[in-house]
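Here's model_17.txt, which has compact mmCIF, C-alpha atoms and all ligand atoms:
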# COMPACT_ATOMS: atom_id res chain seq x y z
CA MET R 1 -26.86 -18.51 -37.34
CA ARG R 2 -24.46 -20.93 -38.99
CA ILE R 3 -23.27 -19.59 -42.31
CA VAL R 4 -20.38 -19.63 -44.75
CA PHE R 5 -19.31 -16.73 -46.95
CA LEU R 6 -18.24 -17.50 -50.51
CA GLY R 7 -16.92 -15.19 -53.20
CA PRO R 8 -13.78 -14.05 -54.98
CA PRO R 9 -10.87 -12.57 -53.05
CA GLY R 10 -11.30 -8.88 -52.30
CA VAL R 11 -15.06 -8.83 -52.84
CA GLY R 12 -15.60 -7.58 -49.29
CA LYS R 13 -16.41 -10.78 -47.38
CA GLY R 14 -14.25 -9.76 -44.43
CA THR R 15 -15.90 -6.34 -44.06
CA GLN R 16 -19.42 -7.79 -44.20
CA ALA R 17 -18.46 -10.66 -41.89
CA GLY R 18 -17.15 -8.22 -39.28
CA ARG R 19 -20.42 -6.25 -39.31
CA LEU R 20 -22.72 -9.28 -39.22
CA CYS R 21 -20.76 -10.99 -36.44
CA GLU R 22 -20.78 -7.85 -34.35
CA GLU R 23 -24.52 -7.25 -34.78
CA PHE R 24 -25.56 -10.87 -34.17
CA GLY R 25 -22.85 -11.98 -31.74
CA LEU R 26 -21.49 -14.68 -34.05
CA ALA R 27 -18.01 -16.16 -33.90
CA HIS R 28 -16.07 -15.06 -36.98
CA LEU R 29 -13.60 -17.61 -38.32
CA SER R 30 -11.59 -16.39 -41.30
CA THR R 31 -9.16 -19.04 -42.52
CA GLY R 32 -7.12 -16.33 -44.28
CA ASP R 33 -6.71 -14.44 -40.96
CA LEU R 34 -5.97 -17.69 -39.09
CA LEU R 35 -3.32 -18.65 -41.65
CA ARG R 36 -1.69 -15.21 -41.54
CA ALA R 37 -1.61 -15.41 -37.73
CA ALA R 38 -0.07 -18.92 -37.90
CA ILE R 39 2.59 -17.60 -40.32
CA HIS R 40 3.26 -14.62 -38.07
CA GLN R 41 3.73 -16.97 -35.09
CA ASP R 42 5.87 -19.28 -37.24
CA SER R 43 3.81 -22.26 -35.98
CA PRO R 44 4.13 -25.64 -37.77
CA ILE R 45 0.94 -24.92 -39.77
CA GLY R 46 2.25 -21.44 -40.56
CA GLN R 47 5.55 -22.80 -41.84
CA LYS R 48 3.77 -25.21 -44.16
CA ALA R 49 1.29 -22.56 -45.39
CA ARG R 50 3.62 -19.57 -45.98
CA ASP R 51 4.65 -20.38 -49.52
CA TYR R 52 1.10 -20.98 -50.74
CA LEU R 53 -0.15 -17.64 -49.43
CA GLU R 54 2.75 -15.75 -50.95
CA LYS R 55 2.05 -17.24 -54.36
CA GLY R 56 -1.75 -16.78 -54.14
CA LYS R 57 -2.30 -20.55 -54.24
CA LEU R 58 -4.65 -22.52 -52.00
CA VAL R 59 -3.21 -24.16 -48.90
CA PRO R 60 -3.78 -27.97 -49.05
CA ASP R 61 -7.25 -29.01 -47.89
CA ALA R 62 -6.05 -31.18 -44.99
CA LEU R 63 -3.93 -28.38 -43.52
CA VAL R 64 -6.58 -25.69 -43.63
CA THR R 65 -9.26 -28.10 -42.38
CA GLU R 66 -7.04 -28.99 -39.40
CA LEU R 67 -6.70 -25.29 -38.62
CA LEU R 68 -10.45 -24.76 -38.91
CA GLU R 69 -11.24 -27.70 -36.62
CA GLN R 70 -8.76 -26.47 -34.02
CA ASN R 71 -10.45 -23.09 -34.02
CA LEU R 72 -14.02 -24.40 -34.04
CA ALA R 73 -13.07 -26.28 -30.88
CA ARG R 74 -12.08 -22.96 -29.25
CA ILE R 75 -15.45 -21.25 -29.75
CA ARG R 76 -18.99 -22.21 -28.74
CA PRO R 77 -20.32 -23.23 -32.15
CA GLU R 78 -23.83 -23.71 -30.78
CA ASN R 79 -23.99 -19.91 -30.31
CA GLY R 80 -23.58 -19.35 -34.05
CA PHE R 81 -20.64 -18.85 -36.37
CA LEU R 82 -19.66 -17.43 -39.69
CA LEU R 83 -16.94 -19.09 -41.76
CA ASP R 84 -15.24 -16.56 -44.00
CA GLY R 85 -13.03 -18.06 -46.73
CA TYR R 86 -13.80 -21.69 -45.86
CA PRO R 87 -14.75 -23.89 -47.65
CA ARG R 88 -12.91 -22.96 -50.84
CA THR R 89 -12.93 -26.38 -52.56
CA VAL R 90 -15.42 -29.22 -52.87
CA PRO R 91 -13.33 -31.53 -50.58
CA GLN R 92 -13.35 -28.76 -47.95
CA ALA R 93 -17.15 -28.50 -48.22
CA GLU R 94 -17.37 -32.25 -47.69
CA ALA R 95 -15.00 -32.09 -44.73
CA LEU R 96 -17.12 -29.28 -43.25
CA ASP R 97 -20.28 -31.37 -43.63
CA GLY R 98 -18.62 -34.14 -41.63
CA ILE R 99 -17.46 -31.77 -38.88
CA LEU R 100 -20.88 -30.11 -38.56
CA LEU R 101 -22.69 -33.45 -38.65
CA ARG R 102 -20.62 -34.62 -35.67
CA MET R 103 -21.60 -31.42 -33.84
CA ASN R 104 -25.23 -31.78 -34.93
CA LEU R 105 -25.10 -28.19 -36.14
CA PRO R 106 -25.93 -28.19 -39.87
CA LEU R 107 -25.16 -25.25 -42.08
CA GLN R 108 -28.09 -22.88 -42.69
CA ALA R 109 -26.85 -20.68 -45.52
CA ALA R 110 -23.98 -20.17 -47.96
CA VAL R 111 -23.77 -16.52 -48.97
CA LEU R 112 -22.13 -15.79 -52.31
CA PHE R 113 -20.82 -12.24 -52.78
CA ASP R 114 -20.09 -11.38 -56.37
CA ALA R 115 -18.81 -8.38 -58.32
CA PRO R 116 -17.12 -7.79 -61.69
CA ASP R 117 -13.35 -8.45 -61.89
CA ALA R 118 -12.59 -4.74 -62.44
CA VAL R 119 -14.27 -3.86 -59.12
CA ILE R 120 -12.40 -6.64 -57.34
CA VAL R 121 -8.98 -5.70 -58.70
CA ASP R 122 -9.60 -2.06 -57.75
CA ARG R 123 -10.62 -3.03 -54.21
CA ILE R 124 -7.74 -5.44 -53.64
CA SER R 125 -4.97 -3.29 -55.05
CA GLY R 126 -5.95 -0.40 -52.73
CA ARG R 127 -6.21 -2.49 -49.58
CA ARG R 128 -3.85 -1.72 -46.70
CA PHE R 129 -3.66 -3.24 -43.22
CA CYS R 130 -1.99 -2.53 -39.92
CA PRO R 131 0.58 -5.24 -39.08
CA THR R 132 0.26 -4.44 -35.35
CA CYS R 133 -3.50 -4.33 -34.63
CA GLY R 134 -4.92 -5.83 -37.84
CA ALA R 135 -7.14 -2.82 -38.74
CA ASN R 136 -8.05 -2.64 -42.44
CA TYR R 137 -7.96 0.41 -44.71
CA HIS R 138 -8.26 1.33 -48.37
CA VAL R 139 -6.32 4.06 -50.17
CA ARG R 140 -9.56 5.49 -51.58
CA TYR R 141 -12.55 4.04 -49.75
CA ARG R 142 -11.39 3.81 -46.15
CA ARG R 143 -8.53 6.23 -45.70
CA PRO R 144 -6.77 6.69 -42.35
CA THR R 145 -6.67 10.22 -40.93
CA THR R 146 -2.92 10.45 -41.66
CA GLU R 147 -1.93 8.81 -44.91
CA GLY R 148 -0.19 5.47 -44.41
CA ILE R 149 -0.61 5.46 -40.61
CA CYS R 150 -3.01 3.36 -38.54
CA ASP R 151 -5.65 5.49 -36.76
CA ARG R 152 -5.84 3.03 -33.87
CA CYS R 153 -2.19 2.45 -33.01
CA GLY R 154 0.03 4.70 -35.15
CA THR R 155 1.84 1.86 -36.97
CA SER R 156 2.81 2.27 -40.66
CA LEU R 157 0.27 0.54 -42.88
CA GLU R 158 1.32 -2.25 -45.23
CA GLN R 159 0.00 -4.05 -48.28
CA ARG R 160 -0.52 -7.82 -48.05
CA THR R 161 2.10 -9.46 -50.26
CA ASP R 162 -0.67 -11.45 -51.97
CA ASP R 163 -2.60 -8.24 -52.75
CA ARG R 164 -0.02 -7.18 -55.36
CA GLN R 165 -1.21 -7.03 -58.97
CA GLU R 166 0.58 -10.16 -60.20
CA THR R 167 -0.73 -12.34 -57.35
CA ILE R 168 -4.30 -11.01 -57.65
CA ARG R 169 -4.61 -12.56 -61.12
CA THR R 170 -3.50 -15.96 -59.79
CA ARG R 171 -5.97 -15.72 -56.90
CA LEU R 172 -8.88 -14.91 -59.22
CA GLN R 173 -7.95 -17.82 -61.48
CA VAL R 174 -7.69 -20.19 -58.51
CA TYR R 175 -11.09 -18.95 -57.32
CA ARG R 176 -12.71 -19.75 -60.67
CA GLU R 177 -11.15 -23.18 -60.92
CA LYS R 178 -11.45 -24.44 -57.35
CA SER R 179 -14.15 -22.43 -55.59
CA LEU R 180 -16.83 -21.75 -58.21
CA PRO R 181 -18.03 -25.40 -58.14
CA LEU R 182 -19.16 -24.74 -54.55
CA VAL R 183 -21.83 -22.38 -55.85
CA GLU R 184 -23.65 -25.20 -57.63
CA LEU R 185 -23.14 -27.52 -54.70
CA TYR R 186 -24.86 -25.15 -52.27
CA ARG R 187 -27.49 -24.07 -54.82
CA HIS R 188 -28.41 -27.71 -55.19
CA ARG R 189 -28.87 -27.97 -51.44
CA SER R 190 -31.01 -24.80 -51.38
CA LEU R 191 -28.56 -23.06 -49.09
CA LEU R 192 -27.31 -20.43 -51.54
CA VAL R 193 -27.94 -16.71 -50.96
CA LEU R 194 -26.73 -14.43 -53.78
CA ILE R 195 -25.55 -10.92 -52.96
CA ASP R 196 -24.49 -8.30 -55.51
CA ALA R 197 -21.33 -6.92 -53.92
CA SER R 198 -20.56 -4.15 -56.39
CA GLY R 199 -22.09 -1.36 -54.26
CA THR R 200 -20.96 0.39 -51.09
CA PRO R 201 -20.34 -1.56 -47.85
CA ASP R 202 -23.58 -0.09 -46.40
CA SER R 203 -25.73 -1.08 -49.38
CA ILE R 204 -24.21 -4.58 -49.47
CA TYR R 205 -24.92 -5.00 -45.77
CA GLU R 206 -28.53 -3.91 -46.28
CA SER R 207 -28.96 -6.52 -49.06
CA LEU R 208 -27.44 -9.16 -46.83
CA LYS R 209 -29.81 -8.41 -43.96
CA LEU R 210 -32.80 -8.47 -46.30
CA ALA R 211 -31.76 -11.77 -47.88
CA LEU R 212 -30.68 -13.82 -44.84
CA PRO R 213 -34.08 -14.21 -43.12
CA ARG R 214 -35.32 -16.11 -46.18
CA LYS R 215 -32.94 -18.91 -45.23
CA ILE R 216 -32.65 -18.30 -41.50
CA PRO R 217 -36.02 -17.11 -40.16
CA THR R 218 -34.51 -15.82 -36.90
CA ALA R 219 -31.91 -13.61 -38.69
P1 LIG R 301 -8.10 -14.63 -47.74
O1 LIG R 301 -7.64 -13.78 -46.61
O2 LIG R 301 -9.41 -15.32 -47.48
O3 LIG R 301 -8.09 -13.91 -49.06
O4 LIG R 301 -7.02 -15.83 -47.88
C1 LIG R 301 -5.67 -15.54 -48.16
C2 LIG R 301 -4.96 -16.79 -48.58
O5 LIG R 301 -5.01 -17.77 -47.55
C3 LIG R 301 -5.51 -17.48 -49.82
O6 LIG R 301 -5.04 -16.91 -51.03
C4 LIG R 301 -4.98 -18.91 -49.61
O7 LIG R 301 -3.59 -18.98 -49.91
C5 LIG R 301 -5.12 -19.07 -48.09
N1 LIG R 301 -6.44 -19.63 -47.70
C6 LIG R 301 -7.40 -19.02 -46.95
N2 LIG R 301 -8.46 -19.80 -46.79
C7 LIG R 301 -8.18 -20.96 -47.44
C8 LIG R 301 -8.88 -22.17 -47.66
N3 LIG R 301 -10.12 -22.36 -47.17
N4 LIG R 301 -8.28 -23.14 -48.39
C9 LIG R 301 -7.04 -22.98 -48.89
N5 LIG R 301 -6.32 -21.85 -48.74
C10 LIG R 301 -6.88 -20.85 -48.02
Show me this structure written as structure tokens.
Amino acid sequence: MRIVFLGPPGVGKGTQAGRLCEEFGLAHLSTGDLLRAAIHQDSPIGQKARDYLEKGKLVPDALVTELLEQNLARIRPENGFLLDGYPRTVPQAEALDGILLRMNLPLQAAVLFDAPDAVIVDRISGRRFCPTCGANYHVRYRRPTTEGICDRCGTSLEQRTDDRQETIRTRLQVYREKSLPLVELYRHRSLLVLIDASGTPDSIYESLKLALPRKIPTA
């Protein structure tokens, strides 16, 4: 399977990607996670990207594409992969086409997760993560056993700086301006799979598994 996940921030792409990759043995490349790791390591890419993430803006196309290419080279793309959060602009989609053409591994589906803004804001504002092991939680929907503490490693949970109310609005606006055009692009190429992401993680995953085989017969 070679797929990309599209959709507004906080719609649940990461959760669904984790489940699908585990069940089907796909490599999961999330540019958001890769950028946060680069910032944490204070690498040259991380230094250039930090400010954009903090403000909820998109990192320049060339920078994020470089990071994606570096990481595609580290996996075995012929065994299948899921790109979560890339592409986010039309130039990124074009860059991806070029990369996949060189590998002779064309994209098979672009899955769009969508939900009303109110659902998204509620999901994002309650998100918490563990800065040590990366586990994800939610103050209402995925609570740790002890409030504010990671079940896996006991670290205090944190909120992503870009998950704060004021930055969420910017991220949704950026999504509409820069990423929505991708929907038409992939629809035109008959790669688009639409998933209503307003339900529970289980129901969304069920819809995803029902919808994918229509594009990828082996899924
Ligand atoms: P995410 O974890 O996917 O919500 O991404 C968090 C942040 O990382 C975004 O708000 C952007 O600042 C940056 N980012 C992630 N993926 C991309 C991308 N494909 N293009 C540009 N910026 C990105």
Shortest interatomic distance to Gln165 (chain R) - which of R:Val4, R:Ile120, R:Ala109, R:Leu35, counting only C-alpha atoms: R:Ile120
For each of R:Ser125, R:Gln16, R:Thr145, R:Thr170, take the minimum atom-to-atom distance to ligand LIG 301 (chain R), counting only C-alpha atoms and all ligand atoms, then give the residue where this is smallest.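 Among the listed residues, the smallest separation from ligand LIG 301 (chain R) belongs to R:Thr170.
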Set the distance at 6 Å and use all atoms listed in the file: which residues neighbour region 138-143 of chain R once local chain neighbours fewer than 6 positions away are removed? I'd like the list as number ranges by chain. R: 126-128
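Going from CA of Lys215 (chain R) to CA of Gln108 (chain R) covers 6.8 Å.
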One-decimal distance in Å that lies between CA of Arg36 (chain R) and atom C5 of ligand LIG 301 (chain R):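 Rounded to one decimal, the two atoms are 8.3 Å apart.
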Quick one: of R:Leu53, R:Met103, R:Leu212, R:Leu29, who's nearest to Lys13 (chain R), counting all atoms listed in the file?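 For Lys13 (chain R), the nearest of the given residues is R:Leu29.
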List all protein, DNA and RNA residues that have at least one atom no more than 8 Å from any atom of ligand LIG 301 (chain R), counting all atoms listed in the file, and write them as a ChimeraX atom specification. /R:9-10,14,30-33,35-36,49,52-61,64-65,84-89,92,162,171
Quick one, how far is CA of Cys133 (chain R) from CA of Asp117 (chain R)?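 CA of Cys133 (chain R) sits 29.3 Å away from CA of Asp117 (chain R).
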